[in-house]
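**Student:** Provided below: target-v2.cif, containing mmCIF, C-alpha atoms.
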```cif
data_work
loop_
_atom_site.group_PDB
_atom_site.id
_atom_site.type_symbol
_atom_site.label_atom_id
_atom_site.label_comp_id
_atom_site.auth_asym_id
_atom_site.auth_seq_id
_atom_site.Cartn_x
_atom_site.Cartn_y
_atom_site.Cartn_z
ATOM 1 C CA MET A 315 -19.435 -23.545 63.734
ATOM 2 C CA ALA A 316 -22.791 -22.376 62.474
ATOM 3 C CA ALA A 317 -21.098 -20.858 59.465
ATOM 4 C CA PHE A 318 -19.374 -24.157 58.725
ATOM 5 C CA GLN A 319 -22.666 -26.029 58.856
ATOM 6 C CA LYS A 320 -24.240 -23.469 56.566
ATOM 7 C CA MET A 321 -21.441 -23.957 54.077
ATOM 8 C CA GLN A 322 -21.829 -27.740 54.280
ATOM 9 C CA GLN A 323 -25.535 -27.431 53.611
ATOM 10 C CA GLY A 324 -24.961 -25.065 50.742
ATOM 11 C CA PHE A 325 -22.434 -27.460 49.247
ATOM 12 C CA HIS A 326 -24.853 -30.352 49.650
ATOM 13 C CA HIS A 327 -27.566 -28.488 47.772
ATOM 14 C CA GLU A 328 -25.232 -27.498 44.997
ATOM 15 C CA LEU A 329 -24.007 -31.062 44.625
ATOM 16 C CA LYS A 330 -27.602 -32.225 44.390
ATOM 17 C CA ALA A 331 -28.371 -29.641 41.755
ATOM 18 C CA VAL A 332 -25.393 -30.748 39.678
ATOM 19 C CA THR A 333 -25.892 -34.520 40.002
ATOM 20 C CA GLY A 334 -29.675 -34.216 39.700
ATOM 21 C CA ALA A 335 -29.343 -33.618 35.979
ATOM 22 C CA ASN A 336 -27.589 -36.955 35.528
ATOM 23 C CA LYS A 337 -30.116 -39.792 35.397
ATOM 24 C CA SER A 338 -27.570 -42.628 35.335
ATOM 25 C CA ALA A 339 -28.753 -45.512 37.556
ATOM 26 C CA ARG A 340 -25.190 -46.414 38.477
ATOM 27 C CA GLY A 341 -24.559 -42.977 39.883
ATOM 28 C CA THR A 342 -21.793 -40.520 39.126
ATOM 29 C CA PRO A 343 -18.285 -40.106 40.553
ATOM 30 C CA LEU A 344 -19.739 -37.293 42.657
ATOM 31 C CA THR A 345 -22.273 -39.514 44.403
ATOM 32 C CA SER A 346 -20.360 -42.752 44.732
ATOM 33 C CA GLY A 347 -16.695 -43.424 45.176
ATOM 34 C CA THR A 348 -16.853 -46.944 43.749
ATOM 35 C CA ARG A 349 -18.363 -45.595 40.561
ATOM 36 C CA ALA A 350 -15.404 -43.255 40.232
ATOM 37 C CA THR A 351 -12.844 -46.032 40.681
ATOM 38 C CA ASN A 352 -14.735 -48.235 38.226
ATOM 39 C CA ILE A 353 -14.627 -45.510 35.622
ATOM 40 C CA ALA A 354 -10.953 -44.916 36.243
ATOM 41 C CA LYS A 355 -10.158 -48.656 36.073
ATOM 42 C CA SER A 356 -11.941 -49.485 32.833
ATOM 43 C CA SER A 357 -9.524 -48.065 30.321
ATOM 44 C CA ARG A 358 -11.461 -45.380 28.580
ATOM 45 C CA ASN A 359 -10.306 -43.166 25.829
ATOM 46 C CA VAL A 360 -11.740 -39.858 24.824
ATOM 47 C CA ALA A 361 -13.867 -41.365 22.073
ATOM 48 C CA LYS A 362 -15.979 -43.038 24.743
ATOM 49 C CA LEU A 363 -16.247 -39.982 26.933
ATOM 50 C CA ASN A 364 -19.285 -38.683 25.174
ATOM 51 C CA ILE A 365 -20.530 -35.308 26.116
ATOM 52 C CA VAL A 366 -24.056 -36.190 27.116
ATOM 53 C CA SER A 367 -26.094 -33.082 26.977
ATOM 54 C CA GLN A 368 -26.377 -29.662 25.461
ATOM 55 C CA VAL A 369 -25.839 -28.219 28.941
ATOM 56 C CA GLN A 370 -22.469 -29.888 29.259
ATOM 57 C CA THR A 371 -21.404 -28.717 25.832
ATOM 58 C CA SER A 372 -22.285 -25.150 26.596
ATOM 59 C CA ASN A 373 -20.472 -25.427 29.930
ATOM 60 C CA LEU A 374 -17.422 -26.560 28.021
ATOM 61 C CA VAL A 375 -17.685 -23.624 25.654
ATOM 62 C CA LYS A 376 -18.157 -21.251 28.594
ATOM 63 C CA PHE A 377 -14.833 -22.508 29.895
ATOM 64 C CA SER A 378 -13.263 -20.912 26.845
ATOM 65 C CA GLN A 379 -14.026 -17.519 28.368
ATOM 66 C CA TYR A 380 -11.021 -18.082 30.617
ATOM 67 C CA THR A 381 -8.680 -18.908 27.755
ATOM 68 C CA LYS A 382 -9.957 -15.802 26.010
ATOM 69 C CA PHE A 383 -9.217 -13.701 29.068
ATOM 70 C CA LEU A 384 -5.712 -15.136 29.276
ATOM 71 C CA GLY A 385 -5.006 -14.627 25.590
ATOM 72 C CA ASN A 386 -6.142 -11.019 25.640
ATOM 73 C CA GLY A 387 -4.232 -10.331 28.835
ATOM 74 C CA LEU A 388 -0.984 -11.573 27.285
ATOM 75 C CA ALA A 389 -1.518 -9.419 24.213
ATOM 76 C CA VAL A 390 -2.115 -6.352 26.391
ATOM 77 C CA ILE A 391 1.073 -6.967 28.402
ATOM 78 C CA ASP A 392 3.088 -7.526 25.220
ATOM 79 C CA PHE A 393 1.669 -4.432 23.575
ATOM 80 C CA GLY A 394 2.315 -2.369 26.708
ATOM 81 C CA GLY A 395 5.997 -3.307 26.639
ATOM 82 C CA ARG A 396 6.281 -2.337 22.978
ATOM 83 C CA VAL A 397 4.657 1.050 23.482
ATOM 84 C CA GLY A 398 7.109 1.581 26.358
ATOM 85 C CA ASN A 399 10.045 0.937 23.990
ATOM 86 C CA ILE A 400 8.726 3.470 21.476
ATOM 87 C CA HIS A 401 8.174 6.033 24.206
ATOM 88 C CA ASN A 402 11.683 5.500 25.590
ATOM 89 C CA SER A 403 13.173 6.060 22.164
ATOM 90 C CA TYR A 404 11.083 9.247 21.802
ATOM 91 C CA LYS A 405 12.192 10.541 25.186
ATOM 92 C CA ALA A 406 15.833 9.803 24.422
ATOM 93 C CA GLY A 407 15.536 11.857 21.227
ATOM 94 C CA GLY A 408 16.023 8.731 19.088
ATOM 95 C CA ASN A 409 14.375 7.821 15.792
ATOM 96 C CA TRP A 410 11.036 6.852 17.308
ATOM 97 C CA GLU A 411 9.278 6.362 13.955
ATOM 98 C CA ARG A 412 11.826 3.679 13.136
ATOM 99 C CA GLU A 413 11.264 2.114 16.561
ATOM 100 C CA MET A 414 7.513 2.141 15.967
ATOM 101 C CA PHE A 415 7.971 0.386 12.612
ATOM 102 C CA ILE A 416 10.110 -2.295 14.265
ATOM 103 C CA GLU A 417 7.740 -2.859 17.192
ATOM 104 C CA SER A 418 4.513 -2.903 15.199
ATOM 105 C CA SER A 419 5.859 -5.176 12.470
ATOM 106 C CA SER A 420 7.308 -7.642 14.965
ATOM 107 C CA PHE A 421 4.044 -7.636 16.928
ATOM 108 C CA ALA A 422 2.002 -8.406 13.804
ATOM 109 C CA ALA A 423 4.397 -11.053 12.536
ATOM 110 C CA SER A 424 4.773 -12.875 15.838
ATOM 111 C CA ALA A 425 1.005 -12.834 16.396
ATOM 112 C CA ILE A 426 0.366 -14.312 12.938
ATOM 113 C CA THR A 427 3.046 -16.961 13.367
ATOM 114 C CA GLY A 428 1.773 -18.056 16.772
ATOM 115 C CA THR A 429 -1.829 -18.112 15.598
ATOM 116 C CA ALA A 430 -1.024 -20.137 12.499
ATOM 117 C CA VAL A 431 0.907 -22.730 14.495
ATOM 118 C CA VAL A 432 -1.845 -23.061 17.132
ATOM 119 C CA ASN A 433 -4.461 -23.395 14.411
ATOM 120 C CA VAL A 434 -2.576 -26.109 12.538
ATOM 121 C CA GLY A 435 -1.877 -27.854 15.834
ATOM 122 C CA SER A 436 -5.497 -27.889 16.943
ATOM 123 C CA ALA A 437 -6.650 -29.165 13.548
ATOM 124 C CA ALA A 438 -3.974 -31.862 13.688
ATOM 125 C CA LEU A 439 -5.145 -32.900 17.153
ATOM 126 C CA GLY A 440 -8.704 -33.111 15.836
ATOM 127 C CA PHE A 441 -7.661 -35.382 12.954
ATOM 128 C CA LEU A 442 -5.611 -37.509 15.340
ATOM 129 C CA MET A 443 -8.642 -37.940 17.583
ATOM 130 C CA VAL A 444 -10.624 -39.335 14.674
ATOM 131 C CA ALA A 445 -7.926 -41.516 13.212
ATOM 132 C CA THR A 446 -6.288 -42.949 16.318
ATOM 133 C CA PRO A 447 -7.455 -43.948 19.771
ATOM 134 C CA ILE A 448 -5.428 -41.298 21.582
ATOM 135 C CA GLY A 449 -6.908 -40.604 24.978
ATOM 136 C CA TRP A 450 -7.038 -37.644 27.281
ATOM 137 C CA VAL A 451 -3.378 -38.031 28.194
ATOM 138 C CA GLY A 452 -2.339 -37.892 24.552
ATOM 139 C CA LEU A 453 -4.595 -34.916 24.037
ATOM 140 C CA ILE A 454 -3.065 -33.013 26.935
ATOM 141 C CA ILE A 455 0.499 -33.830 25.865
ATOM 142 C CA GLY A 456 -0.403 -32.824 22.301
ATOM 143 C CA GLY A 457 -1.940 -29.580 23.532
ATOM 144 C CA VAL A 458 1.114 -28.714 25.590
ATOM 145 C CA ALA A 459 3.358 -29.499 22.616
ATOM 146 C CA VAL A 460 1.298 -27.251 20.345
ATOM 147 C CA VAL A 461 1.436 -24.380 22.832
ATOM 148 C CA GLY A 462 5.183 -24.857 23.290
ATOM 149 C CA VAL A 463 5.930 -24.917 19.565
ATOM 150 C CA ALA A 464 3.668 -21.906 19.004
ATOM 151 C CA ALA A 465 5.391 -19.938 21.753
ATOM 152 C CA ALA A 466 8.840 -20.826 20.425
ATOM 153 C CA ALA A 467 7.885 -19.937 16.843
ATOM 154 C CA SER A 468 6.345 -16.671 17.886
ATOM 155 C CA ILE A 469 9.317 -15.663 20.056
ATOM 156 C CA GLY A 470 11.720 -16.642 17.273
ATOM 157 C CA MET A 471 9.745 -14.614 14.769
ATOM 158 C CA ASN A 472 9.684 -11.646 17.138
ATOM 159 C CA ASN A 473 13.475 -11.742 17.482
ATOM 160 C CA ALA A 474 14.037 -12.184 13.757
ATOM 161 C CA ILE A 475 11.791 -9.256 12.825
ATOM 162 C CA THR A 476 13.179 -7.024 15.568
ATOM 163 C CA GLU A 477 16.698 -7.648 14.269
ATOM 164 C CA ASN A 478 15.868 -7.186 10.602
ATOM 165 C CA SER A 479 13.056 -4.682 10.241
ATOM 166 C CA GLY A 480 15.261 -1.726 11.163
ATOM 167 C CA GLY A 481 17.195 -2.405 7.966
ATOM 168 C CA TRP A 482 13.929 -2.682 5.975
ATOM 169 C CA TYR A 483 12.786 0.666 7.352
ATOM 170 C CA ASP A 484 16.068 2.296 6.313
ATOM 171 C CA SER A 485 15.937 0.906 2.793
ATOM 172 C CA ILE A 486 12.261 1.882 2.364
ATOM 173 C CA MET A 487 13.079 5.405 3.522
ATOM 174 C CA ASN A 488 16.113 5.526 1.223
ATOM 175 C CA SER A 489 14.144 4.409 -1.815
ATOM 176 C CA LEU A 490 11.435 6.952 -1.027
ATOM 177 C CA GLY A 491 14.178 9.570 -0.806
ATOM 178 C CA VAL A 492 13.075 10.768 2.623
ATOM 179 C CA LYS A 493 16.583 10.764 4.025
ATOM 180 C CA MET B 2 20.695 -7.015 3.418
ATOM 181 C CA SER B 3 21.349 -10.687 4.083
ATOM 182 C CA LEU B 4 19.455 -13.420 2.250
ATOM 183 C CA PHE B 5 17.514 -14.270 5.406
ATOM 184 C CA SER B 6 16.488 -10.664 5.886
ATOM 185 C CA GLN B 7 15.304 -10.418 2.253
ATOM 186 C CA LEU B 8 13.296 -13.660 2.444
ATOM 187 C CA LEU B 9 11.776 -12.560 5.742
ATOM 188 C CA ALA B 10 10.793 -9.184 4.273
ATOM 189 C CA PHE B 11 9.148 -11.010 1.351
ATOM 190 C CA VAL B 12 7.121 -13.218 3.717
ATOM 191 C CA PHE B 13 6.278 -10.228 5.865
ATOM 192 C CA ILE B 14 4.579 -8.475 2.932
ATOM 193 C CA PHE B 15 2.146 -11.407 2.712
ATOM 194 C CA MET B 16 1.675 -11.394 6.484
ATOM 195 C CA PHE B 17 0.755 -7.734 6.277
ATOM 196 C CA LEU B 18 -1.797 -8.487 3.551
ATOM 197 C CA ALA B 19 -3.189 -11.282 5.746
ATOM 198 C CA CYS B 20 -3.590 -8.783 8.603
ATOM 199 C CA ILE B 21 -5.611 -6.473 6.361
ATOM 200 C CA LEU B 22 -7.760 -9.366 5.103
ATOM 201 C CA TYR B 23 -8.250 -10.491 8.724
ATOM 202 C CA VAL B 24 -9.923 -7.193 9.559
ATOM 203 C CA ILE B 25 -11.957 -7.104 6.336
ATOM 204 C CA PHE B 26 -13.150 -10.709 6.701
ATOM 205 C CA GLY B 27 -13.982 -10.057 10.368
ATOM 206 C CA GLN B 28 -16.016 -6.975 9.564
ATOM 207 C CA VAL B 29 -17.725 -8.262 6.429
ATOM 208 C CA THR B 30 -18.472 -11.914 7.176
ATOM 209 C CA VAL B 31 -17.950 -12.791 10.817
ATOM 210 C CA ARG B 32 -19.726 -9.723 12.154
ATOM 211 C CA LYS B 33 -22.784 -10.811 10.196
ATOM 212 C CA LEU B 34 -22.507 -14.353 11.586
ATOM 213 C CA ARG B 35 -22.078 -13.093 15.150
ATOM 214 C CA ASN B 36 -25.327 -11.188 14.878
ATOM 215 C CA ASN B 37 -27.206 -14.082 13.309
ATOM 216 C CA PRO B 38 -28.924 -16.130 16.075
ATOM 217 C CA ARG B 39 -28.571 -19.302 13.982
ATOM 218 C CA THR B 40 -24.797 -19.049 13.670
ATOM 219 C CA LYS B 41 -23.942 -17.078 16.823
ATOM 220 C CA ASP B 42 -23.068 -20.160 18.896
ATOM 221 C CA GLN B 43 -21.479 -22.166 16.074
ATOM 222 C CA LEU B 44 -18.258 -20.204 15.655
ATOM 223 C CA GLY B 45 -16.003 -22.504 17.670
ATOM 224 C CA LEU B 46 -13.688 -22.009 20.606
ATOM 225 C CA GLU B 47 -12.133 -18.576 21.066
ATOM 226 C CA TYR B 48 -8.636 -18.732 22.580
ATOM 227 C CA ALA B 49 -8.409 -14.951 22.365
ATOM 228 C CA SER B 50 -11.102 -12.602 21.192
ATOM 229 C CA GLY B 51 -11.223 -12.521 17.427
ATOM 230 C CA TRP B 52 -10.199 -16.166 17.157
ATOM 231 C CA ASP B 53 -13.674 -17.012 15.866
ATOM 232 C CA ILE B 54 -12.666 -15.169 12.688
ATOM 233 C CA ILE B 55 -9.996 -17.793 12.111
ATOM 234 C CA ASN B 56 -12.365 -20.641 13.003
ATOM 235 C CA VAL B 57 -14.912 -19.407 10.473
ATOM 236 C CA ALA B 58 -12.271 -18.934 7.777
ATOM 237 C CA GLN B 59 -11.016 -22.457 8.418
ATOM 238 C CA ALA B 60 -14.507 -23.924 8.120
ATOM 239 C CA LEU B 61 -15.051 -22.111 4.823
ATOM 240 C CA ALA B 62 -11.580 -22.819 3.415
ATOM 241 C CA PHE B 63 -11.079 -26.462 4.358
ATOM 242 C CA PRO B 64 -12.282 -29.077 1.897
ATOM 243 C CA ARG B 65 -15.699 -30.312 3.024
ATOM 244 C CA SER B 66 -14.409 -33.817 3.773
ATOM 245 C CA TRP B 67 -11.794 -32.437 6.206
ATOM 246 C CA SER B 68 -14.365 -30.315 8.007
ATOM 247 C CA ARG B 69 -16.748 -33.244 8.293
ATOM 248 C CA LYS B 70 -13.996 -35.350 9.792
ATOM 249 C CA LEU B 71 -13.134 -32.674 12.366
ATOM 250 C CA GLU B 72 -16.767 -32.184 13.306
ATOM 251 C CA LYS B 73 -17.176 -35.882 13.942
ATOM 252 C CA SER B 74 -14.368 -35.883 16.509
ATOM 253 C CA PRO B 75 -15.128 -35.396 20.206
ATOM 254 C CA LEU B 76 -13.366 -32.030 19.962
ATOM 255 C CA SER B 77 -15.952 -30.733 17.517
ATOM 256 C CA SER B 78 -16.950 -27.784 19.718
ATOM 257 C CA MET B 79 -13.480 -26.316 19.149
ATOM 258 C CA TYR B 80 -14.171 -25.789 15.457
ATOM 259 C CA ALA B 81 -16.802 -23.747 13.686
ATOM 260 C CA ASN B 82 -19.710 -25.722 12.235
ATOM 261 C CA SER B 83 -19.093 -25.677 8.484
ATOM 262 C CA GLN B 84 -22.528 -27.084 7.555
ATOM 263 C CA ILE B 85 -24.426 -24.215 9.189
ATOM 264 C CA LEU B 86 -21.879 -21.645 8.007
ATOM 265 C CA PHE B 87 -22.236 -22.738 4.384
ATOM 266 C CA GLU B 88 -25.975 -22.294 4.648
ATOM 267 C CA ASN B 89 -25.595 -18.765 6.005
ATOM 268 C CA THR B 90 -22.861 -17.297 3.826
ATOM 269 C CA ASN B 91 -22.792 -16.159 0.223
ATOM 270 C CA LYS B 92 -20.217 -16.825 -2.477
ATOM 271 C CA PHE B 93 -18.244 -13.672 -1.721
ATOM 272 C CA ASP B 94 -17.923 -14.597 1.967
ATOM 273 C CA ARG B 95 -16.553 -17.990 1.011
ATOM 274 C CA PHE B 96 -14.128 -16.519 -1.499
ATOM 275 C CA LEU B 97 -12.883 -14.020 1.086
ATOM 276 C CA GLY B 98 -12.591 -16.792 3.683
ATOM 277 C CA ILE B 99 -10.571 -19.043 1.384
ATOM 278 C CA VAL B 100 -8.176 -16.268 0.289
ATOM 279 C CA PHE B 101 -7.721 -15.011 3.853
ATOM 280 C CA TYR B 102 -7.252 -18.419 5.439
ATOM 281 C CA TRP B 103 -4.699 -19.783 2.996
ATOM 282 C CA LEU B 104 -2.767 -16.510 2.803
ATOM 283 C CA PHE B 105 -2.719 -16.354 6.596
ATOM 284 C CA MET B 106 -1.616 -19.969 7.050
ATOM 285 C CA THR B 107 0.997 -20.040 4.285
ATOM 286 C CA SER B 108 2.595 -16.756 5.349
ATOM 287 C CA GLY B 109 2.512 -17.677 9.048
ATOM 288 C CA LEU B 110 3.918 -21.162 8.568
ATOM 289 C CA THR B 111 6.517 -20.102 5.974
ATOM 290 C CA GLY B 112 7.638 -17.459 8.451
ATOM 291 C CA ALA B 113 7.930 -20.060 11.212
ATOM 292 C CA LEU B 114 9.883 -22.344 8.854
ATOM 293 C CA LEU B 115 12.266 -19.516 7.876
ATOM 294 C CA VAL B 116 12.946 -18.705 11.516
ATOM 295 C CA LEU B 117 13.534 -22.382 12.264
ATOM 296 C CA LEU B 118 15.966 -22.733 9.332
ATOM 297 C CA ASN B 119 17.768 -19.600 10.471
ATOM 298 C CA PHE B 120 17.951 -20.990 13.992
ATOM 299 C CA LEU B 121 19.478 -24.191 12.609
ATOM 300 C CA GLY B 122 22.106 -22.103 10.847
ATOM 301 C CA VAL B 123 21.067 -22.711 7.220
ATOM 302 C CA PHE B 124 21.602 -19.043 6.280
ATOM 303 C CA ASP B 125 24.969 -18.592 8.013
#
```
Can you present the structure in this file as structure tokens?

**Tutor:**
Amino acid sequence: MAAFQKMQQGFHHELKAVTGANKSARGTPLTSGTRATNIAKSSRNVAKLNIVSQVQTSNLVKFSQYTKFLGNGLAVIDFGGRVGNIHNSYKAGGNWEREMFIESSSFAASAITGTAVVNVGSAALGFLMVATPIGWVGLIIGGVAVVGVAAAASIGMNNAITENSGGWYDSIMNSLGVK
Amino acid sequence: MSLFSQLLAFVFIFMFLACILYVIFGQVTVRKLRNNPRTKDQLGLEYASGWDIINVAQALAFPRSWSRKLEKSPLSSMYANSQILFENTNKFDRFLGIVFYWLFMTSGLTGALLVLLNFLGVFD
């Protein structure tokens, strides 16, 4: 029970520290429930949700650390699988140089395709925010759509290169007269 | 080789060049900006490490009016700040940024378009 009270106190202090920075006379959603419902009721769009202070902006940017972590993690998993394929081909006595060409070219191409689509998508969302009154909901739907299209494009590109680059490797080797 | 395979190989050459330019631009320009205390925090949102390279290239390659529009939007912290970047880069940086960005985007998007057309059965 004492531990619970300690946690409650700790939470109280933290809440105070967070809301203390906000000088709004009407309070914040954290201090008053009515304020929260009022905010939710008055139809706001993102253009009105101004980011008030430098602190909040930097908090928002700090949040990107998580997306960074996720992005890197996915790349590591993907790369791990590809190295595994090359190693399998080596162990089986196959043409592992050819396998390496296929895996590295499809990795590069799918990464570029996905990145390009995400970049265009995020710029498009930015322009949309300026030109139209799309709100948070539109932003989230747009973001999900961008991620979906990027994933599809990058998977499609991966398949296309995996299927075709073996042939490229053979014709490059032929024209170099290696085989 | 099928027509699709040939077209894809052609696009892939440009993608490969974009990869090389990505590393060069990152080492030459963005590394400098990352170490500069004035620009360090102005490089935009990084979805994966190294994404700031693309943000910087976009800020340098976009027409100024587009960048200004983006930076006025509430999402401005996602993009690199072109005003400050222009003040802290030289002509060569900008040239490199423009070549890299447009090569990267055209090859990436043409590739995506090719794959889409192939998926829709245009090359069958």

**Student:** When the PyMOL selection byres ((chain B) within 10 of (chain A)) is applied to the structure above, which residues does it catch, written out as an MDAnalysis selection string?

**Tutor:** chainID B and resid 2:3 5:7 9:10 12:14 16:17 19:20 42 45:52 55:56 59 67:68 70:80 102 105:117 119:120

**Student:** Just so the selection is clear, what residues does the PyMOL selection byres ((chain B and resi 36-40) around 12) cover here, as a list of chain:residue names?

**Tutor:**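 This file, filtered by the PyMOL selection byres ((chain B and resi 36-40) around 12), leaves B:Gln28, B:Val29, B:Thr30, B:Val31, B:Arg32, B:Lys33, B:Leu34, B:Arg35, B:Lys41, B:Asp42, B:Gln43, B:Leu44, B:Gly45, B:Asp53, B:Val57, B:Ala81, B:Asn82, B:Ser83, B:Gln84, B:Ile85, B:Leu86, B:Phe87, B:Glu88, B:Asn89, B:Thr90.
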
**Student:** Record the distance separating atom CA of B:Ser66 and atom CA of A:Ala459, expressed in Å with one decimal.

**Tutor:** 26.3 Å

**Student:** What separation in Å, quoted to one decimal, exists between atom CA of B:Phe101 and atom CA of A:Ser418?

**Tutor:**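 Interatomic distance, atom CA of B:Phe101 to atom CA of A:Ser418: 20.6 Å.
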
**Student:** Can you tell me, as lines of an AutoDock Vina configuration file, the centre and edge lengths (Å, one decimal) of the axis-aligned box enclosing all of stretch 97-115 of chain B's listed atoms after padding each side by 5 Å?

**Tutor:**
```
center_x = -0.3
center_y = -18.2
center_z = 5.8
size_x = 35.1
size_y = 18.3
size_z = 20.9
```

**Student:** Would you compute the distance between atom CA of A:Arg396 and atom CA of A:Arg412? Give it in Å to one decimal.

**Tutor:**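 Atom CA of A:Arg412 lies at a distance of 12.8 Å from atom CA of A:Arg396.
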